[in-house]
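Asks: Compact mmCIF, C-alpha atoms and all ligand atoms, saved as model-v5.txt, coming up:
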# COMPACT_ATOMS: atom_id res chain seq x y z
CA MET A 115 26.17 11.65 -15.63
CA THR A 116 25.43 9.52 -12.60
CA VAL A 117 21.79 9.67 -11.67
CA ARG A 118 21.09 10.87 -8.13
CA THR A 119 17.54 10.89 -6.83
CA ARG A 120 16.09 11.53 -3.42
CA PHE A 121 12.98 11.10 -1.33
CA ALA A 122 12.29 14.32 0.57
CA PRO A 123 9.39 13.74 2.95
CA SER A 124 8.19 16.16 5.60
CA PRO A 125 7.84 13.72 8.52
CA THR A 126 4.42 13.97 10.13
CA GLY A 127 4.08 10.67 11.96
CA HIS A 128 2.41 8.80 9.11
CA VAL A 129 3.67 7.88 5.67
CA HIS A 130 0.88 8.27 3.13
CA ILE A 131 0.89 5.93 0.13
CA GLY A 132 1.18 8.95 -2.16
CA ASN A 133 4.43 9.92 -0.48
CA ILE A 134 5.93 6.46 -0.40
CA ARG A 135 4.93 5.99 -4.04
CA ALA A 136 7.20 8.98 -4.80
CA ALA A 137 9.97 7.25 -2.83
CA ILE A 138 9.39 4.03 -4.77
CA PHE A 139 9.62 5.76 -8.15
CA ASN A 140 12.81 7.57 -7.13
CA TRP A 141 14.29 4.31 -5.85
CA LEU A 142 13.28 2.30 -8.94
CA PHE A 143 14.66 4.95 -11.25
CA ALA A 144 17.97 5.20 -9.39
CA ARG A 145 18.36 1.42 -9.24
CA HIS A 146 17.42 1.01 -12.91
CA GLU A 147 20.02 3.62 -13.88
CA GLY A 148 22.68 2.31 -11.54
CA GLY A 149 22.60 5.64 -9.71
CA ALA A 150 22.20 6.71 -6.11
CA PHE A 151 19.04 7.04 -4.06
CA LEU A 152 19.16 9.45 -1.12
CA LEU A 153 16.94 10.53 1.73
CA ARG A 154 16.39 14.07 2.91
CA LEU A 155 14.12 14.74 5.83
CA GLU A 156 12.39 18.08 5.35
CA ASP A 157 11.96 18.36 9.07
CA THR A 158 11.80 22.10 9.56
CA ASP A 159 8.35 21.98 11.18
CA ARG A 160 9.63 21.30 14.68
CA GLU A 161 6.16 20.59 16.05
CA ARG A 162 5.38 17.70 13.71
CA SER A 163 8.83 16.49 12.71
CA THR A 164 9.59 14.62 15.90
CA GLU A 165 12.18 11.87 16.20
CA GLU A 166 9.29 9.43 16.25
CA ALA A 167 7.97 10.80 12.93
CA VAL A 168 11.42 10.44 11.37
CA ARG A 169 11.61 6.85 12.63
CA THR A 170 8.23 6.12 11.03
CA VAL A 171 9.58 7.25 7.64
CA ARG A 172 12.65 5.09 7.99
CA GLU A 173 10.68 2.06 9.12
CA ALA A 174 8.34 2.35 6.14
CA MET A 175 11.32 2.55 3.79
CA ASP A 176 13.12 -0.37 5.44
CA TRP A 177 9.99 -2.50 5.35
CA LEU A 178 9.58 -1.88 1.62
CA GLY A 179 13.29 -2.44 0.98
CA LEU A 180 13.98 1.10 -0.25
CA ASP A 181 17.63 1.21 0.70
CA VAL A 182 19.47 4.52 0.64
CA ASP A 183 23.05 4.98 -0.50
CA GLU A 184 24.24 7.81 1.74
CA ALA A 185 23.57 9.12 5.21
CA PRO A 186 20.25 10.96 5.36
CA VAL A 187 20.29 14.75 5.24
CA PHE A 188 18.26 16.56 7.89
CA GLN A 189 17.04 19.84 6.49
CA SER A 190 16.67 21.35 9.96
CA ARG A 191 20.46 21.10 10.41
CA ARG A 192 21.17 23.10 7.27
CA THR A 193 19.58 26.40 8.22
CA GLU A 194 22.94 28.20 8.04
CA ALA A 195 23.47 27.05 4.46
CA HIS A 196 19.98 28.25 3.55
CA ARG A 197 20.60 31.66 5.12
CA ALA A 198 23.99 31.91 3.42
CA ALA A 199 22.34 31.26 0.06
CA ALA A 200 19.85 34.03 0.81
CA GLU A 201 22.71 36.42 1.69
CA ASP A 202 24.39 35.51 -1.59
CA LEU A 203 21.18 36.21 -3.52
CA LEU A 204 20.85 39.55 -1.69
CA ALA A 205 24.44 40.46 -2.47
CA ARG A 206 23.95 39.78 -6.15
CA GLY A 207 20.64 41.64 -6.44
CA HIS A 208 18.44 38.55 -6.83
CA ALA A 209 16.71 39.27 -3.57
CA TYR A 210 15.76 42.22 -1.41
CA ARG A 211 14.65 42.85 2.14
CA GLU A 212 11.16 43.98 2.88
CA ASP A 213 9.10 44.58 5.99
CA LYS A 214 6.20 42.36 4.94
CA GLY A 215 2.94 43.69 6.29
CA GLY A 216 4.76 46.63 7.83
CA THR A 217 4.70 45.09 11.29
CA GLY A 218 8.03 46.53 12.25
CA GLN A 219 9.03 43.06 13.41
CA GLY A 220 11.93 42.75 11.05
CA GLU A 221 12.41 42.25 7.38
CA ALA A 222 11.83 39.15 5.29
CA VAL A 223 14.12 38.26 2.39
CA VAL A 224 12.17 38.31 -0.87
CA PHE A 225 13.36 36.60 -4.04
CA ARG A 226 13.20 38.78 -7.14
CA MET A 227 11.73 36.86 -10.08
CA PRO A 228 13.75 37.45 -13.25
CA GLY A 229 10.88 39.06 -15.16
CA THR A 230 11.04 36.51 -17.97
CA ASP A 231 8.74 33.64 -18.92
CA ILE A 232 9.85 30.27 -17.50
CA ALA A 233 9.49 26.97 -19.32
CA PHE A 234 10.63 23.41 -18.68
CA ARG A 235 10.05 19.94 -19.98
CA ASP A 236 8.52 17.69 -17.37
CA GLN A 237 9.32 14.01 -17.93
CA VAL A 238 5.71 13.12 -17.25
CA LYS A 239 3.64 16.16 -18.17
CA GLY A 240 5.61 17.36 -21.17
CA ASP A 241 6.33 21.02 -21.93
CA LEU A 242 5.14 23.45 -19.29
CA ALA A 243 5.47 27.23 -19.27
CA LYS A 244 4.42 30.26 -17.29
CA LYS A 245 4.32 33.92 -18.26
CA ALA A 246 6.50 36.43 -16.45
CA ALA A 247 3.38 38.35 -15.40
CA ASP A 248 2.15 35.30 -13.48
CA LEU A 249 5.41 34.81 -11.62
CA LYS A 250 5.53 37.01 -8.56
CA ASP A 251 8.41 37.67 -6.19
CA PHE A 252 8.23 35.46 -3.07
CA VAL A 253 9.61 35.27 0.43
CA ILE A 254 12.62 32.96 0.89
CA VAL A 255 13.52 33.82 4.50
CA ARG A 256 10.81 34.89 6.93
CA SER A 257 11.29 37.95 9.12
CA ASN A 258 11.98 35.61 12.06
CA GLY A 259 14.95 34.22 10.12
CA THR A 260 13.50 30.83 9.15
CA PRO A 261 14.07 29.76 5.53
CA VAL A 262 11.00 29.02 3.44
CA PHE A 263 10.41 25.58 1.82
CA HIS A 264 11.31 26.73 -1.71
CA LEU A 265 14.75 27.99 -0.72
CA ALA A 266 15.61 25.07 1.55
CA ASN A 267 14.41 22.51 -1.00
CA VAL A 268 16.47 23.96 -3.86
CA VAL A 269 19.61 24.68 -1.83
CA ASP A 270 19.56 21.15 -0.43
CA ASP A 271 18.99 19.54 -3.83
CA ILE A 272 22.01 21.46 -5.15
CA HIS A 273 24.05 20.45 -2.10
CA MET A 274 23.11 16.78 -2.58
CA GLY A 275 23.84 16.84 -6.32
CA ILE A 276 20.33 15.69 -7.22
CA THR A 277 19.96 15.12 -10.97
CA HIS A 278 16.31 14.05 -11.09
CA VAL A 279 13.50 15.40 -8.93
CA ILE A 280 10.61 12.94 -8.98
CA ARG A 281 7.71 14.09 -6.82
CA GLY A 282 3.95 14.54 -6.61
CA ASP A 283 2.29 16.85 -9.08
CA ASP A 284 1.12 19.12 -6.28
CA HIS A 285 4.61 20.61 -6.71
CA VAL A 286 4.31 21.51 -10.41
CA GLU A 287 3.49 25.14 -9.69
CA ASN A 288 6.43 25.43 -7.29
CA THR A 289 8.79 24.24 -9.98
CA PHE A 290 8.69 27.56 -11.85
CA ARG A 291 9.94 29.30 -8.70
CA HIS A 292 12.50 26.59 -8.12
CA LEU A 293 13.87 26.96 -11.64
CA ALA A 294 14.32 30.70 -11.10
CA LEU A 295 16.20 29.92 -7.87
CA TYR A 296 18.52 27.43 -9.59
CA ARG A 297 19.34 30.02 -12.23
CA ALA A 298 19.98 32.78 -9.70
CA LEU A 299 22.14 30.46 -7.60
CA GLY A 300 24.15 29.57 -10.69
CA ALA A 301 23.38 25.87 -10.48
CA PRO A 302 22.16 23.59 -13.27
CA ALA A 303 18.53 22.61 -12.80
CA PRO A 304 17.72 18.93 -12.35
CA THR A 305 15.29 17.04 -14.56
CA PHE A 306 11.77 17.11 -13.16
CA ALA A 307 9.13 14.39 -13.23
CA HIS A 308 5.81 15.10 -11.55
CA LEU A 309 3.75 12.05 -10.64
CA PRO A 310 -0.02 11.86 -11.06
CA MET A 311 -2.11 12.10 -7.96
CA ILE A 312 -3.49 8.97 -6.33
CA VAL A 313 -7.29 9.27 -6.25
CA ASN A 314 -10.26 7.40 -4.76
CA HIS A 315 -13.12 5.85 -6.74
CA GLN A 316 -14.69 9.30 -7.12
CA GLY A 317 -11.54 10.77 -8.58
CA LYS A 318 -10.79 12.81 -5.42
CA PRO A 319 -7.37 12.75 -3.71
CA TYR A 320 -7.11 9.43 -1.84
CA ALA A 321 -7.21 10.09 1.89
CA LYS A 322 -7.44 8.21 5.18
CA ARG A 323 -11.25 8.43 5.17
CA ASP A 324 -11.26 6.38 1.94
CA GLY A 325 -9.58 3.43 3.64
CA ASP A 326 -6.07 2.39 4.58
CA ALA A 327 -3.80 5.17 3.44
CA TYR A 328 -0.59 4.83 5.46
CA VAL A 329 2.21 2.34 4.93
CA GLY A 330 1.86 1.21 8.56
CA ASP A 331 -1.80 0.29 7.98
CA PHE A 332 -0.85 -2.20 5.30
CA ARG A 333 2.04 -3.62 7.29
CA ASP A 334 -0.19 -4.10 10.34
CA LYS A 335 -2.88 -5.77 8.24
CA GLY A 336 -0.41 -8.41 7.09
CA PHE A 337 0.32 -7.33 3.53
CA LEU A 338 3.62 -8.43 2.02
CA PRO A 339 6.02 -5.53 1.39
CA GLU A 340 6.76 -6.83 -2.12
CA ALA A 341 3.03 -6.80 -2.92
CA LEU A 342 2.56 -3.19 -1.75
CA LEU A 343 5.72 -2.18 -3.60
CA ASN A 344 4.47 -3.86 -6.76
CA TYR A 345 0.98 -2.38 -6.44
CA LEU A 346 2.19 1.18 -5.81
CA ALA A 347 4.73 0.94 -8.64
CA LEU A 348 1.78 0.37 -10.96
CA LEU A 349 -0.08 3.44 -9.70
CA GLY A 350 0.94 5.77 -12.47
CA TRP A 351 3.42 3.53 -14.25
CA SER A 352 3.28 0.34 -16.31
CA PRO A 353 5.98 -1.86 -17.80
CA GLY A 354 4.50 -1.48 -21.28
CA ASP A 355 3.38 -5.08 -21.59
CA ASP A 356 0.59 -6.91 -19.79
CA ARG A 357 2.64 -7.89 -16.77
CA GLU A 358 1.14 -6.93 -13.42
CA VAL A 359 2.61 -9.24 -10.81
CA MET A 360 6.28 -8.35 -10.73
CA SER A 361 9.16 -9.00 -8.39
CA ARG A 362 11.39 -6.25 -7.09
CA ALA A 363 14.09 -7.18 -9.61
CA GLU A 364 11.63 -7.18 -12.49
CA LEU A 365 10.37 -3.74 -11.49
CA VAL A 366 13.90 -2.35 -11.34
CA GLU A 367 14.70 -3.87 -14.71
CA ALA A 368 11.59 -2.45 -16.40
CA PHE A 369 11.29 0.99 -14.79
CA THR A 370 11.64 4.10 -16.96
CA LEU A 371 10.24 7.60 -16.48
CA GLY A 372 8.97 7.50 -20.05
CA ARG A 373 6.22 5.10 -19.05
CA VAL A 374 4.87 7.17 -16.17
CA VAL A 375 1.41 8.43 -17.09
CA SER A 376 0.05 11.87 -16.29
CA SER A 377 -3.58 10.91 -15.61
CA PRO A 378 -4.62 10.31 -11.99
CA ALA A 379 -4.03 6.82 -10.62
CA ARG A 380 -6.94 5.16 -8.85
CA MET A 381 -6.29 3.32 -5.60
CA ASP A 382 -8.16 0.00 -5.69
CA PRO A 383 -7.90 -1.94 -2.40
CA ALA A 384 -9.46 -5.08 -3.95
CA LYS A 385 -6.77 -5.17 -6.59
CA LEU A 386 -4.07 -4.74 -3.97
CA LEU A 387 -5.50 -7.69 -2.05
CA TRP A 388 -5.53 -9.77 -5.22
CA MET A 389 -1.93 -8.81 -5.87
CA ASN A 390 -0.95 -9.77 -2.34
CA GLY A 391 -2.47 -13.20 -2.94
CA GLU A 392 -0.44 -13.55 -6.13
CA HIS A 393 2.77 -12.75 -4.23
CA LEU A 394 1.83 -15.24 -1.51
CA ARG A 395 1.49 -17.94 -4.18
CA ARG A 396 4.98 -17.18 -5.44
CA MET A 397 6.58 -17.53 -2.03
CA PRO A 398 8.85 -20.52 -1.32
CA ARG A 399 6.57 -23.13 0.25
CA ASP A 400 8.41 -23.54 3.52
CA ALA A 401 8.49 -19.79 4.21
CA TRP A 402 4.79 -19.68 3.38
CA ARG A 403 4.08 -22.57 5.73
CA GLN A 404 6.06 -20.98 8.55
CA ALA A 405 4.16 -17.73 8.20
CA CYS A 406 0.84 -19.60 8.21
CA ASP A 407 1.87 -21.49 11.35
CA ARG A 408 2.74 -18.19 12.99
CA GLU A 409 -0.73 -16.84 12.21
CA LEU A 410 -2.35 -19.99 13.61
CA ALA A 411 -0.28 -19.85 16.78
CA ARG A 412 -1.22 -16.22 17.26
CA ALA A 413 -4.90 -17.17 17.04
CA GLY A 414 -4.40 -20.03 19.50
CA LEU A 415 -5.04 -22.66 16.81
CA ASP A 416 -2.92 -25.72 16.29
CA GLY A 417 -3.05 -29.30 15.23
CA GLU A 418 -0.88 -32.19 14.20
CA ALA A 419 1.61 -30.88 11.60
CA ALA A 420 0.54 -33.16 8.76
CA TYR A 421 -3.12 -32.38 9.37
CA VAL A 422 -2.44 -28.62 9.44
CA GLY A 423 -0.55 -29.09 6.17
CA ARG A 424 -3.59 -30.76 4.61
CA VAL A 425 -5.82 -27.92 5.78
CA LEU A 426 -3.48 -25.26 4.41
CA ASP A 427 -3.14 -27.08 1.09
CA LEU A 428 -6.89 -27.19 0.80
CA LEU A 429 -7.18 -23.46 1.53
CA GLY A 430 -4.25 -22.76 -0.82
CA ASP A 431 -4.96 -19.87 -3.16
CA ARG A 432 -7.94 -18.71 -1.15
CA ILE A 433 -5.45 -17.21 1.30
CA ARG A 434 -4.79 -13.72 -0.05
CA ILE A 435 -3.33 -12.20 3.09
CA TRP A 436 -1.92 -13.58 6.36
CA THR A 437 -4.95 -12.43 8.29
CA ASP A 438 -7.07 -14.82 6.16
CA VAL A 439 -5.25 -17.82 7.60
CA ALA A 440 -6.74 -18.09 11.10
CA PRO A 441 -10.42 -17.50 10.27
CA MET A 442 -10.22 -19.75 7.21
CA ALA A 443 -8.48 -22.55 9.09
CA ALA A 444 -10.60 -22.28 12.25
CA PRO A 445 -13.40 -24.62 11.03
CA PHE A 446 -10.76 -27.35 10.68
CA LEU A 447 -8.75 -26.71 13.81
CA ALA A 448 -11.12 -25.33 16.45
CA GLU A 449 -13.36 -27.74 18.32
CA ALA A 450 -16.36 -25.42 18.35
CA VAL A 451 -17.81 -23.82 15.23
CA THR A 452 -17.96 -20.04 15.17
CA TYR A 453 -21.03 -19.15 13.16
CA ASP A 454 -20.86 -16.17 10.87
CA GLU A 455 -24.05 -14.20 11.47
CA THR A 456 -24.76 -13.33 7.82
CA SER A 457 -24.20 -16.94 6.74
CA VAL A 458 -26.60 -18.17 9.43
CA GLN A 459 -29.30 -15.72 8.34
CA LYS A 460 -28.89 -16.49 4.68
CA ARG A 461 -28.39 -20.25 4.69
CA LEU A 462 -29.73 -21.72 7.91
CA LYS A 463 -32.68 -19.68 9.13
CA ARG A 464 -35.00 -21.07 6.48
CA GLU A 465 -38.00 -23.35 6.41
CA GLY A 466 -37.07 -27.02 6.50
CA VAL A 467 -33.32 -26.62 6.98
CA ALA A 468 -33.14 -28.48 10.31
CA ALA A 469 -34.92 -31.49 8.79
CA ARG A 470 -32.61 -31.45 5.79
CA LEU A 471 -29.56 -31.40 8.04
CA ARG A 472 -30.87 -34.46 9.89
CA THR A 473 -31.53 -36.34 6.65
CA ILE A 474 -28.09 -35.58 5.27
CA ARG A 475 -26.48 -36.53 8.57
CA GLU A 476 -28.04 -39.98 8.36
CA ALA A 477 -26.84 -40.40 4.78
CA PHE A 478 -23.29 -39.19 5.60
CA ALA A 479 -23.11 -41.56 8.59
CA THR A 480 -23.12 -44.51 6.17
CA VAL A 481 -20.42 -43.10 3.85
CA ASP A 482 -17.26 -45.16 4.22
CA PRO A 483 -14.54 -44.14 3.64
CA PHE A 484 -15.52 -40.60 4.59
CA GLU A 485 -14.14 -39.04 1.40
CA ALA A 486 -15.15 -36.35 -1.05
CA ALA A 487 -16.48 -38.57 -3.87
CA GLY A 488 -18.68 -40.67 -1.60
CA LEU A 489 -19.99 -37.61 0.24
CA GLU A 490 -20.90 -35.96 -3.02
CA ALA A 491 -22.75 -39.04 -4.26
CA ALA A 492 -24.62 -39.31 -0.96
CA LEU A 493 -25.71 -35.68 -1.06
CA GLN A 494 -26.84 -35.97 -4.69
CA ALA A 495 -28.88 -39.04 -3.86
CA VAL A 496 -30.54 -37.39 -0.86
CA ALA A 497 -31.42 -34.33 -2.94
CA ALA A 498 -32.84 -36.45 -5.78
CA ALA A 499 -34.94 -38.51 -3.38
CA ALA A 500 -36.31 -35.33 -1.81
CA GLY A 501 -37.04 -33.85 -5.24
CA GLU A 502 -34.80 -30.85 -4.46
CA LYS A 503 -31.80 -29.25 -6.10
CA PRO A 504 -28.43 -30.23 -4.53
CA ALA A 505 -27.96 -26.55 -3.58
CA ALA A 506 -30.82 -26.86 -1.08
CA PHE A 507 -28.52 -29.19 0.89
CA ILE A 508 -25.08 -27.92 -0.10
CA HIS A 509 -25.51 -24.42 1.32
CA PRO A 510 -26.86 -25.36 4.77
CA VAL A 511 -24.39 -28.23 5.13
CA ARG A 512 -21.50 -25.90 4.45
CA VAL A 513 -22.56 -23.40 7.12
CA ALA A 514 -23.46 -26.14 9.60
CA ALA A 515 -20.06 -27.80 9.19
CA SER A 516 -17.86 -24.72 8.99
CA GLY A 517 -19.87 -21.75 10.27
CA GLN A 518 -19.23 -19.86 7.03
CA MET A 519 -20.85 -19.72 3.62
CA ALA A 520 -17.59 -19.24 1.74
CA GLY A 521 -14.75 -21.72 1.67
CA PRO A 522 -13.02 -24.41 -0.33
CA SER A 523 -14.82 -27.18 -2.21
CA LEU A 524 -17.53 -28.52 0.14
CA TYR A 525 -16.81 -32.23 -0.16
CA GLU A 526 -13.07 -31.90 0.24
CA MET A 527 -13.66 -29.65 3.20
CA LEU A 528 -15.95 -32.22 4.84
CA GLU A 529 -13.41 -34.94 4.21
CA VAL A 530 -10.69 -32.95 5.94
CA ILE A 531 -12.89 -31.90 8.87
CA GLY A 532 -13.62 -35.61 9.31
CA ARG A 533 -16.56 -37.88 10.03
CA ASP A 534 -16.97 -37.39 13.77
CA ARG A 535 -16.88 -33.64 13.72
CA VAL A 536 -19.05 -33.29 10.62
CA LEU A 537 -21.77 -35.57 11.98
CA ALA A 538 -21.69 -33.85 15.37
CA ARG A 539 -21.89 -30.40 13.81
CA LEU A 540 -24.82 -31.33 11.57
CA ALA A 541 -26.75 -32.70 14.55
CA ASP A 542 -25.82 -29.82 16.80
CA THR A 543 -26.82 -27.21 14.21
CA ALA A 544 -30.18 -28.92 13.64
CA ASP A 545 -30.78 -29.00 17.42
CA ARG A 546 -29.95 -25.34 17.83
CA LEU A 547 -32.07 -24.31 14.88
CA GLU A 548 -35.06 -26.14 16.34
CA ALA A 549 -34.43 -24.77 19.81
CA GLY A 550 -34.08 -21.26 18.37
CA THR A 551 -30.64 -20.79 19.94
CA LEU A 552 -28.70 -20.04 16.79
N1 LIG B 601 8.78 17.87 1.51
C1 LIG B 601 8.15 17.99 0.22
C2 LIG B 601 6.97 17.05 0.16
O1 LIG B 601 6.93 16.08 0.89
C3 LIG B 601 9.20 17.65 -0.82
C4 LIG B 601 8.82 17.87 -2.21
C5 LIG B 601 9.94 17.45 -3.14
O2 LIG B 601 10.10 16.24 -3.31
O3 LIG B 601 10.65 18.31 -3.65
O4 LIG B 601 6.03 17.29 -0.56
How does the structure come out when it is put into structure tokens?
Ligand code: GLU

Replies:
Amino acid sequence: MTVRTRFAPSPTGHVHIGNIRAAIFNWLFARHEGGAFLLRLEDTDRERSTEEAVRTVREAMDWLGLDVDEAPVFQSRRTEAHRAAAEDLLARGHAYREDKGGTGQGEAVVFRMPGTDIAFRDQVKGDLAKKAADLKDFVIVRSNGTPVFHLANVVDDIHMGITHVIRGDDHVENTFRHLALYRALGAPAPTFAHLPMIVNHQGKPYAKRDGDAYVGDFRDKGFLPEALLNYLALLGWSPGDDREVMSRAELVEAFTLGRVVSSPARMDPAKLLWMNGEHLRRMPRDAWRQACDRELARAGLDGEAAYVGRVLDLLGDRIRIWTDVAPMAAPFLAEAVTYDETSVQKRLKREGVAARLRTIREAFATVDPFEAAGLEAALQAVAAAAGEKPAAFIHPVRVAASGQMAGPSLYEMLEVIGRDRVLARLADTADRLEAGTL
């Protein structure tokens, strides 16, 4: 049997990470099995399923590299097939017409449940069953003639020859109805795998108010598609060893439904950022450099190519996302220091800091060559002479020279910023502290 999976989103204008995670699992499974991955747009809500919303789905998939093997199916164009299936069910006694609510506005088509218990083996959740008494008849075509989700979903999956339905576990309950429909329509049921919900740190469904939740948010923030793909693949699945940072090919190679877990998967933005940094480190150096240069150009920062290369090498692994590049490189490339307010409060607005900056400036002025080792020795000597810990000088010097309290190794940073600028910044910061203008 050739595996055929599909992603069946209802386009709404945004693609939530929970939805695209379903797409990713379907894609990984199909690719691992050498099968086909298809797209069906469940676009029957004409208000929300605009062309724009459909484009958003396709852009998210393209960006993540989730390629589809056949032309997409638009559910809204298959209404006749859905109605025909309902007629067939009516003709064979599996459905009946009823004036729901007795409004006199026409009759709905109601599916007749078989009156037997229904059981299936979910690839993630194991054996599931429901008693006949808990399975009620349900509407499949509304009185206004529009097919209901359950009917359209099943008829389209049969039409597309879907062998494995991999979707969010909010659809588990629907599956009992869907199985009854498959049976009544005389079609073999696909294998089902229901994915655990993605939750926030409180264990509640992860939503926009918890942070970035749409694929577009991550793309706009500068995440790498392979990092988001990798991160979402691990939300509910693991390769069974301790690997976490994996390429697309490694994910495809390792993916099986058997390793999908049923417990909720917690979205952890800090971990995603870490993972993005790991993927950045694995990029070919020249592509990495080009992307960094693009970020610098966008921020209006530039410098002589070799110097920019030195700065970027120094920042190296500290860059976890493209948007880190400009603010981290600014202290080296911009003429004026931009002071980070928190850093100023914490490190500069303290008793005696201005005097310390002046002392250290004098000591640094005699360091020649202006290099890390000599700068470190000078700072240690100044601290010892003052009877203070080196930290009493290190912290203010860092903020005075760069504007920020975090950054690469202080002495290497000073070396790269260079003598003239470092001395000027130390003096300027001391002046401003004394004048109260910082
Ligand atoms: N349109 C449904 C959804 O997005 C499809 C569910 C399914 O995959 O069968 O939840």

Asks: Please check which protein, DNA or RNA residues sit within 10 Å of ligand LIG 601 (chain B), counting only C-alpha atoms and all ligand atoms, and write them as an MDAnalysis selection string.

Replies: chainID A and resid 119:126 132:134 136:137 140 154:158 189 263:264 266:268 270:271 279:286 288:289 292 306 308

Asks: Which residues come within 7 Å of segment 448-456 of chain A, counting only C-alpha atoms, excluding same-chain residues fewer than 3 positions away, as an MDAnalysis selection string?

Replies: chainID A and resid 415 444:445 459:460 516:518

Asks: Considering only C-alpha atoms, can you say which of A:Asp334, A:His273, A:Arg135, A:Arg461 comes closest to Pro310 of chain A?

Replies: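 Of the candidates, the smallest distance to Pro310 of chain A is held by A:Arg135.
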
Asks: Determine the nearest neighbour of Ser361 of chain A from the options A:Glu340, A:Glu166, A:Ala520, A:Ser376, counting all atoms listed in the file.

Replies: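 So, comparing all the options, the nearest one is A:Glu340.
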
Asks: Point out the residue among A:Thr370, A:Gln237, A:Thr170, A:Thr260 with the least atom-to-atom distance to Leu142 of chain A, counting only C-alpha atoms.

Replies: A:Thr370

Asks: At what distance in Å, to one decimal, does atom CA of His146 of chain A lie from atom CA of Phe369 of chain A?

Replies: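 Atom-to-atom, atom CA of Phe369 of chain A to atom CA of His146 of chain A, that is 6.4 Å.
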
Asks: What is the distance between atom CA of Ile272 of chain A and atom CA of Val168 of chain A, in Å to one decimal?

Replies: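 Atom CA of Val168 of chain A lies 22.5 Å from atom CA of Ile272 of chain A.
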
Asks: From the list A:Phe188, A:Phe151, A:Phe332, A:Phe234, which residue is nearest Glu287 of chain A when using all atoms listed in the file?

Replies: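 Using all atoms listed in the file, Glu287 of chain A sits closest to A:Phe234.
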
Asks: Any idea what's packed within 10 Å of Asp542 of chain A, counting all atoms listed in the file, ignoring anything in its chain fewer than 4 positions away? Could you give it as number ranges by chain?

Replies: A: 468, 471-472, 514-515, 536-538, 546-548

Asks: What gap, in Å, lies between atom CA of Gly240 of chain A and atom CA of Pro353 of chain A?

Replies: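 Answer for the atom CA of Gly240 of chain A to atom CA of Pro353 of chain A separation: 19.5 Å.
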
Asks: Using only C-alpha atoms, which of the listed residues (A:Ile276, A:Ala233, A:Ile508, A:Ala200) sits closest to Val253 of chain A?

Replies: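 Of all the options, A:Ala200 lies closest to Val253 of chain A.
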
Asks: Would you list the contacts of Arg396 of chain A as a JSON list (two decimals) with C-alpha atoms, in the coordinates of the input, taking every protein, DNA or RNA residue within 12 Å and counting only C-alpha atoms, but skipping same-chain residues closer than 3 positions in sequence?

Replies:
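result-v1.json written:
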[["chain", "number", "residue", "atom", "x", "y", "z"],
["A", 338, "LEU", "CA", 3.62, -8.43, 2.02],
["A", 340, "GLU", "CA", 6.76, -6.83, -2.12],
["A", 341, "ALA", "CA", 3.03, -6.80, -2.92],
["A", 359, "VAL", "CA", 2.61, -9.24, -10.81],
["A", 360, "MET", "CA", 6.28, -8.35, -10.73],
["A", 361, "SER", "CA", 9.16, -9.00, -8.39],
["A", 389, "MET", "CA", -1.93, -8.81, -5.87],
["A", 390, "ASN", "CA", -0.95, -9.77, -2.34],
["A", 391, "GLY", "CA", -2.47, -13.20, -2.94],
["A", 392, "GLU", "CA", -0.44, -13.55, -6.13],
["A", 393, "HIS", "CA", 2.77, -12.75, -4.23],
["A", 399, "ARG", "CA", 6.57, -23.13, 0.25],
["A", 400, "ASP", "CA", 8.41, -23.54, 3.52],
["A", 401, "ALA", "CA", 8.49, -19.79, 4.21],
["A", 402, "TRP", "CA", 4.79, -19.68, 3.38],
["A", 430, "GLY", "CA", -4.25, -22.76, -0.82],
["A", 431, "ASP", "CA", -4.96, -19.87, -3.16],
["A", 434, "ARG", "CA", -4.79, -13.72, -0.05]]

Asks: Name all residues at most 12 Å from Glu212 of chain A (count all atoms listed in the file; drop same-chain ones fewer than 6 positions away) and give them as a count of residues only.

Replies: 17

Asks: Hey, which of A:Val187, A:Leu387, A:Ala492, A:Ala477 ends up closest to Trp436 of chain A? Count all atoms listed in the file.

Replies: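 Going through A:Val187, A:Leu387, A:Ala492, A:Ala477 one by one, the smallest distance to Trp436 of chain A is for A:Leu387.
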